[in-house]
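Listing of input.cif, mmCIF, C-alpha atoms and all ligand atoms
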```cif
data_final
#
loop_
_atom_site.label_atom_id
_atom_site.label_comp_id
_atom_site.auth_asym_id
_atom_site.auth_seq_id
_atom_site.Cartn_x
_atom_site.Cartn_y
_atom_site.Cartn_z
CA MET A 1 -0.38 -0.79 26.99
CA SER A 2 2.23 -0.08 29.65
CA HIS A 3 5.16 -2.08 28.21
CA THR A 4 6.72 -1.51 24.80
CA PRO A 5 4.62 -3.64 22.46
CA LYS A 6 6.19 -6.50 20.56
CA ILE A 7 5.40 -5.71 16.94
CA TYR A 8 5.28 -8.12 14.00
CA VAL A 9 5.64 -6.43 10.62
CA ALA A 10 4.52 -8.92 7.95
CA GLY A 11 6.07 -8.13 4.55
CA HIS A 12 9.01 -6.16 5.99
CA ARG A 13 11.09 -6.53 2.81
CA GLY A 14 8.39 -4.96 0.65
CA MET A 15 8.14 -1.26 -0.13
CA VAL A 16 5.51 -0.53 2.51
CA GLY A 17 6.60 -3.04 5.15
CA SER A 18 10.19 -1.76 5.07
CA ALA A 19 8.92 1.82 5.42
CA ILE A 20 6.82 0.78 8.46
CA VAL A 21 9.92 -0.73 10.09
CA ARG A 22 11.90 2.48 9.38
CA GLN A 23 9.04 4.55 10.81
CA LEU A 24 8.80 2.48 14.00
CA LEU A 25 12.56 2.73 14.54
CA ALA A 26 12.46 6.49 13.86
CA GLN A 27 9.71 6.84 16.48
CA GLY A 28 11.93 5.11 19.04
CA TYR A 29 10.51 1.60 19.05
CA PRO A 30 13.47 -0.61 19.99
CA ALA A 31 14.65 -2.90 17.21
CA HIS A 32 14.47 -5.96 19.47
CA ARG A 33 10.70 -5.44 19.90
CA ILE A 34 10.11 -5.53 16.12
CA ILE A 35 9.88 -9.04 14.72
CA THR A 36 10.06 -9.97 11.06
CA ARG A 37 10.25 -13.04 8.86
CA THR A 38 11.15 -13.20 5.20
CA HIS A 39 8.81 -14.97 2.81
CA SER A 40 11.17 -17.96 2.68
CA GLU A 41 11.36 -18.13 6.49
CA LEU A 42 7.57 -17.95 6.91
CA ASP A 43 5.13 -18.51 4.06
CA LEU A 44 1.96 -16.81 5.26
CA THR A 45 -0.18 -19.04 3.02
CA ASP A 46 0.90 -21.99 5.21
CA GLN A 47 -1.64 -22.11 8.03
CA ALA A 48 0.28 -24.50 10.28
CA ALA A 49 3.49 -22.48 9.98
CA VAL A 50 1.67 -19.22 10.69
CA ARG A 51 -0.02 -20.66 13.77
CA ALA A 52 3.30 -22.02 15.04
CA PHE A 53 5.01 -18.68 14.48
CA PHE A 54 2.35 -16.72 16.41
CA ALA A 55 2.30 -19.27 19.22
CA ALA A 56 6.08 -18.99 19.59
CA GLU A 57 6.44 -15.21 19.21
CA LYS A 58 3.19 -13.91 20.80
CA PRO A 59 3.34 -10.40 19.31
CA ASP A 60 1.18 -7.59 20.72
CA GLN A 61 0.64 -5.78 17.44
CA VAL A 62 0.64 -6.85 13.78
CA TYR A 63 1.10 -4.74 10.66
CA LEU A 64 -0.14 -6.89 7.77
CA ALA A 65 1.79 -5.46 4.79
CA ALA A 66 2.53 -8.82 3.14
CA ALA A 67 0.59 -9.49 -0.02
CA LYS A 68 0.98 -10.83 -3.51
CA VAL A 69 1.12 -7.57 -5.45
CA GLY A 70 1.43 -6.93 -9.18
CA GLY A 71 0.42 -4.81 -12.15
CA ILE A 72 -2.40 -5.29 -14.65
CA HIS A 73 -0.49 -7.88 -16.68
CA ALA A 74 0.35 -10.07 -13.67
CA ASN A 75 -3.20 -9.74 -12.27
CA ASN A 76 -4.67 -10.76 -15.62
CA THR A 77 -2.27 -13.66 -16.17
CA TYR A 78 -2.30 -15.15 -12.67
CA PRO A 79 -5.77 -14.36 -11.22
CA ALA A 80 -5.92 -17.66 -9.31
CA GLU A 81 -2.63 -16.93 -7.53
CA PHE A 82 -3.72 -13.38 -6.70
CA ILE A 83 -7.02 -14.35 -5.10
CA TYR A 84 -5.82 -17.55 -3.42
CA GLN A 85 -2.56 -16.28 -1.96
CA ASN A 86 -4.00 -13.02 -0.69
CA LEU A 87 -7.00 -14.73 0.91
CA MET A 88 -4.72 -17.27 2.59
CA VAL A 89 -2.22 -14.66 3.83
CA GLU A 90 -5.02 -12.59 5.38
CA ALA A 91 -7.09 -15.42 6.81
CA ASN A 92 -4.09 -17.23 8.30
CA THR A 93 -2.51 -14.11 9.78
CA ILE A 94 -5.69 -12.59 11.19
CA ASP A 95 -6.94 -15.86 12.66
CA ALA A 96 -3.56 -16.83 14.14
CA ALA A 97 -3.26 -13.32 15.60
CA PHE A 98 -6.65 -13.75 17.28
CA ARG A 99 -5.86 -17.25 18.58
CA ASN A 100 -2.69 -15.93 20.16
CA GLY A 101 -4.16 -12.94 21.94
CA VAL A 102 -3.19 -10.16 19.52
CA GLN A 103 -5.54 -7.26 20.18
CA GLN A 104 -4.15 -4.76 17.67
CA LEU A 105 -3.74 -5.50 13.97
CA LEU A 106 -3.58 -3.21 10.94
CA PHE A 107 -4.50 -4.66 7.56
CA LEU A 108 -3.29 -2.96 4.38
CA GLY A 109 -5.62 -2.99 1.41
CA SER A 110 -5.71 -0.93 -1.75
CA SER A 111 -7.81 1.65 -3.59
CA CYS A 112 -8.79 -1.06 -6.11
CA ILE A 113 -11.44 -2.24 -3.60
CA TYR A 114 -13.69 0.55 -4.91
CA PRO A 115 -16.07 0.17 -7.86
CA LYS A 116 -14.68 0.90 -11.32
CA LEU A 117 -17.00 3.88 -11.72
CA ALA A 118 -16.96 5.12 -8.11
CA GLN A 119 -17.73 8.78 -7.63
CA GLN A 120 -14.57 10.90 -7.28
CA PRO A 121 -13.03 11.51 -4.81
CA MET A 122 -13.70 7.96 -3.58
CA ARG A 123 -15.18 7.78 -0.10
CA GLU A 124 -15.03 4.76 2.16
CA ASP A 125 -18.78 4.20 1.79
CA ALA A 126 -18.36 3.53 -1.96
CA LEU A 127 -17.26 0.01 -0.97
CA LEU A 128 -19.54 -2.73 -2.36
CA THR A 129 -21.86 -0.29 -4.13
CA SER A 130 -21.12 -1.49 -7.68
CA THR A 131 -18.94 -3.72 -9.86
CA LEU A 132 -15.14 -3.68 -9.74
CA GLU A 133 -12.53 -3.13 -12.44
CA PRO A 134 -12.38 -6.62 -14.04
CA THR A 135 -8.59 -6.76 -14.51
CA ASN A 136 -7.83 -6.88 -10.80
CA GLU A 137 -11.17 -8.09 -9.46
CA PRO A 138 -9.74 -11.27 -7.85
CA TYR A 139 -7.12 -9.21 -5.99
CA ALA A 140 -9.69 -6.60 -4.98
CA ILE A 141 -12.10 -9.27 -3.71
CA ALA A 142 -9.31 -10.69 -1.53
CA LYS A 143 -8.60 -7.20 -0.15
CA ILE A 144 -12.30 -6.65 0.57
CA ALA A 145 -12.30 -10.01 2.36
CA GLY A 146 -9.39 -8.74 4.48
CA ILE A 147 -11.43 -5.72 5.60
CA LYS A 148 -14.40 -7.97 6.37
CA LEU A 149 -12.20 -10.43 8.28
CA CYS A 150 -11.05 -7.58 10.52
CA GLU A 151 -14.59 -6.31 11.02
CA SER A 152 -16.00 -9.77 11.72
CA TYR A 153 -13.36 -10.59 14.34
CA ASN A 154 -14.02 -7.19 15.95
CA ARG A 155 -17.76 -7.81 15.99
CA GLN A 156 -17.49 -11.33 17.39
CA TYR A 157 -14.48 -10.95 19.69
CA GLY A 158 -14.19 -7.20 20.33
CA GLU A 159 -16.04 -7.18 23.65
CA SER A 160 -14.97 -10.61 24.87
CA HIS A 161 -11.28 -10.52 23.83
CA GLY A 162 -10.48 -6.84 23.25
CA VAL A 163 -9.89 -7.48 19.56
CA ASP A 164 -9.42 -4.22 17.62
CA TYR A 165 -8.38 -4.91 14.02
CA ARG A 166 -8.21 -1.95 11.64
CA SER A 167 -7.79 -1.49 7.88
CA VAL A 168 -6.16 1.20 5.76
CA MET A 169 -6.55 1.62 1.99
CA PRO A 170 -3.61 3.44 0.43
CA THR A 171 -3.68 5.37 -2.81
CA ASN A 172 -0.81 4.90 -5.34
CA LEU A 173 2.47 4.78 -3.45
CA TYR A 174 6.02 5.47 -4.53
CA GLY A 175 9.41 5.83 -2.88
CA PRO A 176 12.37 3.78 -1.67
CA GLY A 177 11.99 0.07 -2.30
CA ASP A 178 9.70 0.52 -5.30
CA ASN A 179 9.60 -1.93 -8.22
CA TYR A 180 11.47 -0.58 -11.28
CA HIS A 181 10.83 -3.54 -13.54
CA PRO A 182 10.65 -2.24 -17.16
CA GLU A 183 7.36 -3.98 -18.02
CA ASN A 184 5.69 -4.42 -14.68
CA SER A 185 6.00 -1.24 -12.64
CA HIS A 186 3.64 1.59 -11.65
CA VAL A 187 3.72 4.97 -13.37
CA ILE A 188 6.23 6.79 -11.12
CA PRO A 189 8.96 4.10 -10.97
CA ALA A 190 8.42 3.36 -14.69
CA LEU A 191 8.94 7.04 -15.59
CA ILE A 192 11.94 7.43 -13.25
CA ARG A 193 13.58 4.57 -15.07
CA ARG A 194 12.66 5.80 -18.56
CA PHE A 195 13.83 9.37 -17.92
CA HIS A 196 17.03 8.15 -16.30
CA GLU A 197 17.82 5.87 -19.23
CA ALA A 198 16.94 8.62 -21.72
CA LYS A 199 19.30 10.99 -19.85
CA VAL A 200 22.29 8.64 -19.76
CA ASN A 201 21.76 7.59 -23.40
CA ASN A 202 21.15 11.17 -24.64
CA VAL A 203 17.75 10.26 -26.10
CA PRO A 204 16.21 13.50 -27.44
CA SER A 205 12.59 12.83 -26.44
CA VAL A 206 10.49 10.60 -24.21
CA ALA A 207 6.94 9.75 -25.30
CA ILE A 208 4.32 9.25 -22.60
CA TRP A 209 1.23 7.15 -23.33
CA GLY A 210 -2.00 9.10 -23.74
CA THR A 211 -2.80 12.79 -23.60
CA GLY A 212 -1.18 13.49 -20.21
CA THR A 213 -4.48 14.89 -18.91
CA PRO A 214 -5.73 12.05 -16.64
CA LYS A 215 -5.28 12.87 -12.97
CA ARG A 216 -3.85 10.54 -10.35
CA GLU A 217 -2.99 10.77 -6.65
CA PHE A 218 0.40 9.71 -5.30
CA LEU A 219 1.62 9.29 -1.73
CA TYR A 220 5.22 8.98 -0.62
CA VAL A 221 5.71 5.62 1.10
CA ASN A 222 7.19 7.12 4.28
CA ASP A 223 3.98 9.14 4.67
CA MET A 224 2.03 5.90 4.23
CA ALA A 225 4.09 4.24 6.96
CA ALA A 226 3.55 7.21 9.27
CA ALA A 227 -0.20 6.98 8.63
CA CYS A 228 -0.15 3.26 9.46
CA VAL A 229 1.55 3.84 12.83
CA HIS A 230 -0.82 6.74 13.51
CA VAL A 231 -3.94 4.66 12.83
CA MET A 232 -2.60 1.69 14.81
CA ASN A 233 -2.02 3.88 17.86
CA LEU A 234 -5.26 5.85 17.89
CA SER A 235 -7.39 5.21 20.94
CA LYS A 236 -10.34 2.93 20.28
CA ALA A 237 -12.74 5.73 21.22
CA THR A 238 -11.19 8.07 18.63
CA TYR A 239 -11.12 5.39 15.91
CA ASP A 240 -14.72 4.40 16.66
CA GLN A 241 -15.86 8.02 16.34
CA GLN A 242 -14.88 8.11 12.65
CA THR A 243 -15.78 4.52 11.67
CA GLN A 244 -18.66 2.05 11.86
CA SER A 245 -18.40 -1.61 12.75
CA MET A 246 -19.23 -2.68 9.17
CA LEU A 247 -17.62 0.30 7.44
CA SER A 248 -14.36 0.55 9.30
CA HIS A 249 -11.62 0.98 6.69
CA ILE A 250 -9.75 4.24 6.28
CA ASN A 251 -8.47 5.77 3.04
CA VAL A 252 -4.88 6.99 3.03
CA GLY A 253 -4.00 9.61 0.44
CA CYS A 254 -2.43 13.03 0.18
CA GLY A 255 -5.78 14.59 -0.74
CA TYR A 256 -4.99 15.96 -4.19
CA ASP A 257 -4.30 14.62 -7.63
CA LEU A 258 -2.00 15.74 -10.44
CA THR A 259 -2.12 15.32 -14.20
CA ILE A 260 0.16 12.72 -15.72
CA ARG A 261 1.79 15.63 -17.60
CA GLU A 262 2.62 17.40 -14.29
CA VAL A 263 3.98 14.16 -12.84
CA ALA A 264 6.09 13.43 -15.95
CA GLU A 265 7.50 16.96 -16.01
CA THR A 266 8.39 16.83 -12.31
CA ILE A 267 10.10 13.46 -12.76
CA GLY A 268 12.00 14.81 -15.80
CA LYS A 269 13.22 17.75 -13.68
CA THR A 270 14.15 15.49 -10.75
CA VAL A 271 16.15 13.15 -12.94
CA GLY A 272 17.79 16.03 -14.83
CA TYR A 273 16.47 14.98 -18.23
CA LYS A 274 16.91 17.87 -20.68
CA GLY A 275 15.13 16.39 -23.71
CA GLU A 276 11.55 16.82 -24.86
CA ILE A 277 8.51 15.17 -23.26
CA THR A 278 5.85 14.22 -25.81
CA PHE A 279 2.43 12.58 -25.50
CA ASP A 280 1.36 9.70 -27.73
CA THR A 281 -2.33 10.49 -28.08
CA THR A 282 -2.96 7.32 -30.12
CA LYS A 283 -2.57 5.36 -26.85
CA PRO A 284 -5.43 5.04 -24.34
CA ASP A 285 -5.75 7.38 -21.38
CA GLY A 286 -7.47 5.14 -18.85
CA THR A 287 -9.90 6.56 -16.33
CA PRO A 288 -9.84 10.40 -16.27
CA ARG A 289 -9.45 10.72 -12.52
CA LYS A 290 -8.64 8.56 -9.49
CA LEU A 291 -8.53 10.25 -6.12
CA MET A 292 -9.24 9.03 -2.60
CA ASP A 293 -11.30 11.04 -0.17
CA SER A 294 -9.04 11.04 2.89
CA SER A 295 -11.21 13.25 5.09
CA ARG A 296 -11.82 10.40 7.54
CA LEU A 297 -8.08 10.08 8.13
CA ASN A 298 -7.68 13.86 8.30
CA ALA A 299 -10.41 13.97 10.96
CA LEU A 300 -8.37 11.37 12.86
CA GLY A 301 -5.50 13.86 12.99
CA TRP A 302 -3.22 12.77 10.14
CA HIS A 303 -2.13 14.64 7.01
CA ALA A 304 0.54 13.83 4.41
CA LYS A 305 3.77 15.79 4.81
CA VAL A 306 6.01 15.00 1.85
CA ASN A 307 5.33 16.84 -1.42
CA LEU A 308 5.95 15.30 -4.84
CA GLU A 309 9.27 17.11 -5.44
CA GLU A 310 10.76 15.94 -2.13
CA GLY A 311 9.38 12.44 -2.51
CA LEU A 312 10.65 12.08 -6.07
CA HIS A 313 14.09 13.31 -5.09
CA ALA A 314 14.32 10.60 -2.41
CA ALA A 315 12.90 7.97 -4.76
CA TYR A 316 15.44 8.84 -7.46
CA GLN A 317 18.34 8.67 -4.98
CA ASP A 318 17.11 5.22 -3.95
CA PHE A 319 16.84 4.18 -7.60
CA LEU A 320 20.41 5.34 -8.27
CA ALA A 321 21.81 3.67 -5.16
CA ASN A 322 19.96 0.38 -5.22
CA TYR A 323 18.87 -0.28 -8.72
CA VAL A 324 21.25 1.23 -11.25
CA THR A 325 24.36 -0.19 -9.55
CA GLN A 326 22.92 -3.71 -9.45
CA ASN A 327 22.04 -3.86 -13.14
N1 LIG A 401 2.76 -0.11 -3.78
C1 LIG A 401 1.61 0.53 -3.94
O1 LIG A 401 1.49 1.49 -4.73
C2 LIG A 401 0.43 0.13 -3.11
C3 LIG A 401 -0.74 0.85 -3.32
C4 LIG A 401 -1.87 0.49 -2.62
C5 LIG A 401 -1.80 -0.56 -1.72
N2 LIG A 401 -0.66 -1.24 -1.51
C6 LIG A 401 -0.69 -2.35 -0.54
O2 LIG A 401 0.33 -2.30 0.41
C7 LIG A 401 0.73 -3.64 0.75
C8 LIG A 401 2.22 -3.78 0.57
O3 LIG A 401 2.54 -3.46 -0.77
P1 LIG A 401 4.05 -3.27 -1.27
O4 LIG A 401 4.01 -2.28 -2.38
O5 LIG A 401 4.94 -3.04 -0.10
O6 LIG A 401 4.29 -4.71 -1.91
P2 LIG A 401 5.68 -5.49 -2.07
O7 LIG A 401 6.80 -4.50 -2.20
O8 LIG A 401 5.48 -6.48 -3.15
O9 LIG A 401 5.83 -6.24 -0.68
C9 LIG A 401 5.02 -7.31 -0.30
C10 LIG A 401 5.82 -8.21 0.61
O10 LIG A 401 5.00 -9.30 1.02
C11 LIG A 401 5.77 -10.50 0.95
N3 LIG A 401 4.91 -11.65 0.71
C12 LIG A 401 4.11 -11.89 -0.35
N4 LIG A 401 3.51 -13.09 -0.21
C13 LIG A 401 3.95 -13.60 0.96
C14 LIG A 401 3.71 -14.84 1.63
N5 LIG A 401 2.90 -15.78 1.13
N6 LIG A 401 4.34 -15.06 2.80
C15 LIG A 401 5.20 -14.15 3.31
N7 LIG A 401 5.46 -12.97 2.72
C16 LIG A 401 4.85 -12.71 1.55
C17 LIG A 401 6.68 -10.26 -0.24
O11 LIG A 401 7.78 -11.12 -0.19
P3 LIG A 401 8.39 -11.73 -1.58
O12 LIG A 401 8.72 -10.51 -2.40
O13 LIG A 401 9.57 -12.50 -1.12
O14 LIG A 401 7.30 -12.55 -2.17
C18 LIG A 401 7.07 -8.80 -0.06
O15 LIG A 401 8.16 -8.63 0.80
C19 LIG A 401 -0.09 -4.56 -0.14
O16 LIG A 401 -1.19 -5.04 0.58
C20 LIG A 401 -0.56 -3.67 -1.25
O17 LIG A 401 -1.82 -4.06 -1.75
C21 LIG A 401 0.47 -0.92 -2.20
#
```
Once more with this new file: its structure as structure tokens, please.
Amino acid sequence: MSHTPKIYVAGHRGMVGSAIVRQLLAQGYPAHRIITRTHSELDLTDQAAVRAFFAAEKPDQVYLAAAKVGGIHANNTYPAEFIYQNLMVEANTIDAAFRNGVQQLLFLGSSCIYPKLAQQPMREDALLTSTLEPTNEPYAIAKIAGIKLCESYNRQYGESHGVDYRSVMPTNLYGPGDNYHPENSHVIPALIRRFHEAKVNNVPSVAIWGTGTPKREFLYVNDMAAACVHVMNLSKATYDQQTQSMLSHINVGCGYDLTIREVAETIGKTVGYKGEITFDTTKPDGTPRKLMDSSRLNALGWHAKVNLEEGLHAAYQDFLANYVTQN
């Protein structure tokens, strides 16, 4: 593409979407070529509104980072909303993009697309080999549909219209813009909040659920955004070398996992909590290990850069600046 592409970032106020916008600006994309709409300005479940938006704006590239996202409790309580809204967001955006000549689109999925008992580390070809974790199955099915939408448009319109829609599946993310809700947040933001509150209230010990031995993978959100821009801008020949037309998604992880104990201790250090960290072994541990195999992405020339200490430091500064002061 000879001119600077006009880029639509869907979900730009979310953790990942906002990091993609920061990444594009940092790479020199001019702000006036990046278009955004808040959820209230454009509801992506509204097909007519989405079509009208694409017809008016005619973007060249789309990052699809808008989604209805939530934890186990929300997924279990509102399964209809999770499957319906995510299917509608994806179908409307991908189809309107195609109808308006968008050739490059990047769809963001999630590691929950893989079977509950997938072999570790999870490779892309584990997709659709067995049953999913029931708690977020509706959400995962919608995300799998997003991958298959991209692949189907590529297969039907790739040659005739130059359509090249790609998908990335991130591991657990953390960083600026995260959700610190006390009951409904992921492990890193939840622990940042708990250690911070324990520090300011001089609480002598913080108990972590389980034995602390399960291992999880975490990626700093700026790394995720950098990976998204990298994958979007790979030449088609390079992308095609590492993917197949019906197995085209790419895992995005840092490549290693850490025990919950290591993560908790590093968060405690980052926050400056001096009390004791204990483990409540009467509480369940969950799956012993969850790690993505990111060798496909590595072969495409991308590796994570930010280690946990650096990432946690930045996340905690963001928490202090944007969360503590508002509450
Ligand atoms: N965070 C993680 O650890 C993680 C891990 C793996 C994958 N991912 C994936 O990455 C993507 C982005 O996640 P995130 O953490 O950035 O989520 P997020 O912070 O909740 O952001 C999602 C954004 O999408 C917007 N949105 C939702 N429904 C919409 C609709 N109908 N129309 C227009 N906008 C809508 C939301 O706006 P409102 O808030 O106004 O509704 C929000 O700004 C998701 O696909 C998610 O599955 C995230």
Find the distance between atom CA of A:Thr129 and atom CA of A:Phe82 and write it in Å to one decimal.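 The value is 22.5 Å.
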To one decimal in Å, tell me the separation between atom C17 of ligand LIG 401 (chain A) and atom CA of A:Phe107.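 Taking atom C17 of ligand LIG 401 (chain A) as the start and atom CA of A:Phe107 as the end point, the length is 14.7 Å.
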Pick out the residues sitting within 9 Å of stretch 157-169 of chain A, and hand them over as a count of residues only; count all atoms listed in the file, and ignore anything fewer than 3 positions along from it in its own chain. 35
When you count all atoms listed in the file, which of these residues is closest to ligand LIG 401 (chain A): A:Asn172, A:Ser205, A:Gln119, A:Asn100? A:Asn172
How close does chain A get to ligand LIG 401 (chain A)? List, as CSV, each residue of chain A within 9 Å, its nearest atom pair and the distance in Å to one decimal, counting only C-alpha atoms and all ligand atoms.
```
residue,atom,partner,partner_atom,distance
A:Ala10,CA,A:LIG401,N7,6.7
A:Gly11,CA,A:LIG401,O10,3.9
A:His12,CA,A:LIG401,O15,5.8
A:Arg13,CA,A:LIG401,O15,4.1
A:Gly14,CA,A:LIG401,O9,3.2
A:Met15,CA,A:LIG401,O5,3.7
A:Val16,CA,A:LIG401,O5,3.7
A:Gly17,CA,A:LIG401,O5,5.5
A:Ser18,CA,A:LIG401,O5,7.5
A:Ala19,CA,A:LIG401,O5,8.4
A:Arg37,CA,A:LIG401,C15,7.6
A:Thr38,CA,A:LIG401,N7,6.2
A:His39,CA,A:LIG401,C15,3.7
A:Ser40,CA,A:LIG401,O13,6.8
A:Glu41,CA,A:LIG401,C15,8.0
A:Leu42,CA,A:LIG401,C15,5.7
A:Asp43,CA,A:LIG401,N6,3.8
A:Leu44,CA,A:LIG401,N6,3.8
A:Thr45,CA,A:LIG401,N5,4.9
A:Asp46,CA,A:LIG401,N5,7.7
A:Leu64,CA,A:LIG401,O16,7.5
A:Ala65,CA,A:LIG401,C7,4.6
A:Ala66,CA,A:LIG401,O10,3.3
A:Ala67,CA,A:LIG401,C12,4.3
A:Lys68,CA,A:LIG401,C12,4.6
A:Val69,CA,A:LIG401,O8,5.0
A:Gly70,CA,A:LIG401,O8,7.3
A:Gln85,CA,A:LIG401,N5,6.3
A:Asn86,CA,A:LIG401,N4,7.5
A:Met88,CA,A:LIG401,N5,7.9
A:Val89,CA,A:LIG401,N5,5.9
A:Phe107,CA,A:LIG401,O16,7.7
A:Leu108,CA,A:LIG401,O16,4.8
A:Gly109,CA,A:LIG401,O16,5.0
A:Ser110,CA,A:LIG401,C5,3.9
A:Ser111,CA,A:LIG401,C4,6.1
A:Cys112,CA,A:LIG401,C4,7.9
A:Tyr139,CA,A:LIG401,O17,8.5
A:Ala140,CA,A:LIG401,O17,8.9
A:Lys143,CA,A:LIG401,O17,7.6
A:Val168,CA,A:LIG401,C5,8.8
A:Met169,CA,A:LIG401,C5,6.4
A:Pro170,CA,A:LIG401,C4,4.6
A:Thr171,CA,A:LIG401,C4,5.2
A:Asn172,CA,A:LIG401,O1,4.2
A:Leu173,CA,A:LIG401,O1,3.7
A:Tyr174,CA,A:LIG401,O1,6.0
A:Gly175,CA,A:LIG401,N1,9.0
A:Gly177,CA,A:LIG401,O7,6.9
A:Asp178,CA,A:LIG401,O7,6.6
A:Asn179,CA,A:LIG401,O7,7.1
A:His186,CA,A:LIG401,O1,7.2
A:Phe218,CA,A:LIG401,O1,8.3
A:Leu219,CA,A:LIG401,O1,8.4
A:Val221,CA,A:LIG401,N1,8.1
```
Atom CA of A:Ser294 to atom CA of A:Tyr180, distance in Å rounded to a single decimal: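 Atom CA of A:Tyr180 lies 27.5 Å from atom CA of A:Ser294.
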Using all atoms listed in the file, which of the listed residues (A:Gly28, A:Pro189, A:Gly212, A:Pro134) sits closest to A:Phe279? A:Gly212
Might you pull out every residue within 12 Å of A:Gly272, with all atoms listed in the file counted and same-chain residues fewer than 2 positions away left off, and present them as a PyMOL selection string? chain A and resi 192+195-200+202+265-270+274-276+312-313+316
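Ranking A:Gln241, A:Ile277, A:Ser185, A:Gly286 by their shortest atom-to-atom distance to A:Gly210, with all atoms listed in the file included, puts A:Gly286 first.
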Which residue, A:Leu128, A:Met122, A:Leu297, A:Val263, has the smallest gap to A:Leu191 when you use all atoms listed in the file?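 Between A:Leu128, A:Met122, A:Leu297, A:Val263, the residue approaching A:Leu191 most closely is A:Val263.
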Top pick for closest residue to A:Arg155, considering A:Leu247, A:Asn136, A:Ala91, A:Ile188 and counting only C-alpha atoms: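 Once distances to A:Arg155 are computed over only C-alpha atoms, the minimum belongs to A:Leu247.
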Box time for stretch 22-29 of chain A: axis-aligned, enclosing all its listed atoms, 4 Å extra on each side; report centre and edge lengths in Å to one decimal, as lines of an AutoDock Vina configuration file.
```
center_x = 10.7
center_y = 4.2
center_z = 14.2
size_x = 11.8
size_y = 13.2
size_z = 17.7
```
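Omitting A:Ala56 and its sequence neighbours fewer than 2 positions away, and counting all atoms listed in the file, the residues within 12 Å are Ile35, Ala49, Val50, Arg51, Ala52, Phe53, Phe54, Lys58, Pro59, Ala96, Ala97 and Asn100 of chain A.
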Find the residue from A:Gln156, A:Ser295, A:Asn322, A:Asn76 that sits nearest to A:Thr243; use all atoms listed in the file when measuring.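 Smallest separation from A:Thr243 among the options: A:Ser295.
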Residue contacts of A:Ile7 (8 Å, all atoms listed in the file) excluding same-chain residues fewer than 2 positions away, as a ChimeraX atom specification: /A:5,9,33-35,59-63
Report as CSV: every residue of stretch 144-263 of chain A with an atom at most 7 Å from stretch 298-308 of chain A, its closest pair of atoms, and their distance in Å to one decimal, counting only C-alpha atoms, with rows sorted by chain and ascending residue number.
```
residue,atom,partner,partner_atom,distance
A:Tyr220,CA,A:Val306,CA,6.6
A:Asp223,CA,A:Ala304,CA,5.8
A:Ala227,CA,A:Trp302,CA,6.7
A:Cys254,CA,A:Ala304,CA,5.2
```
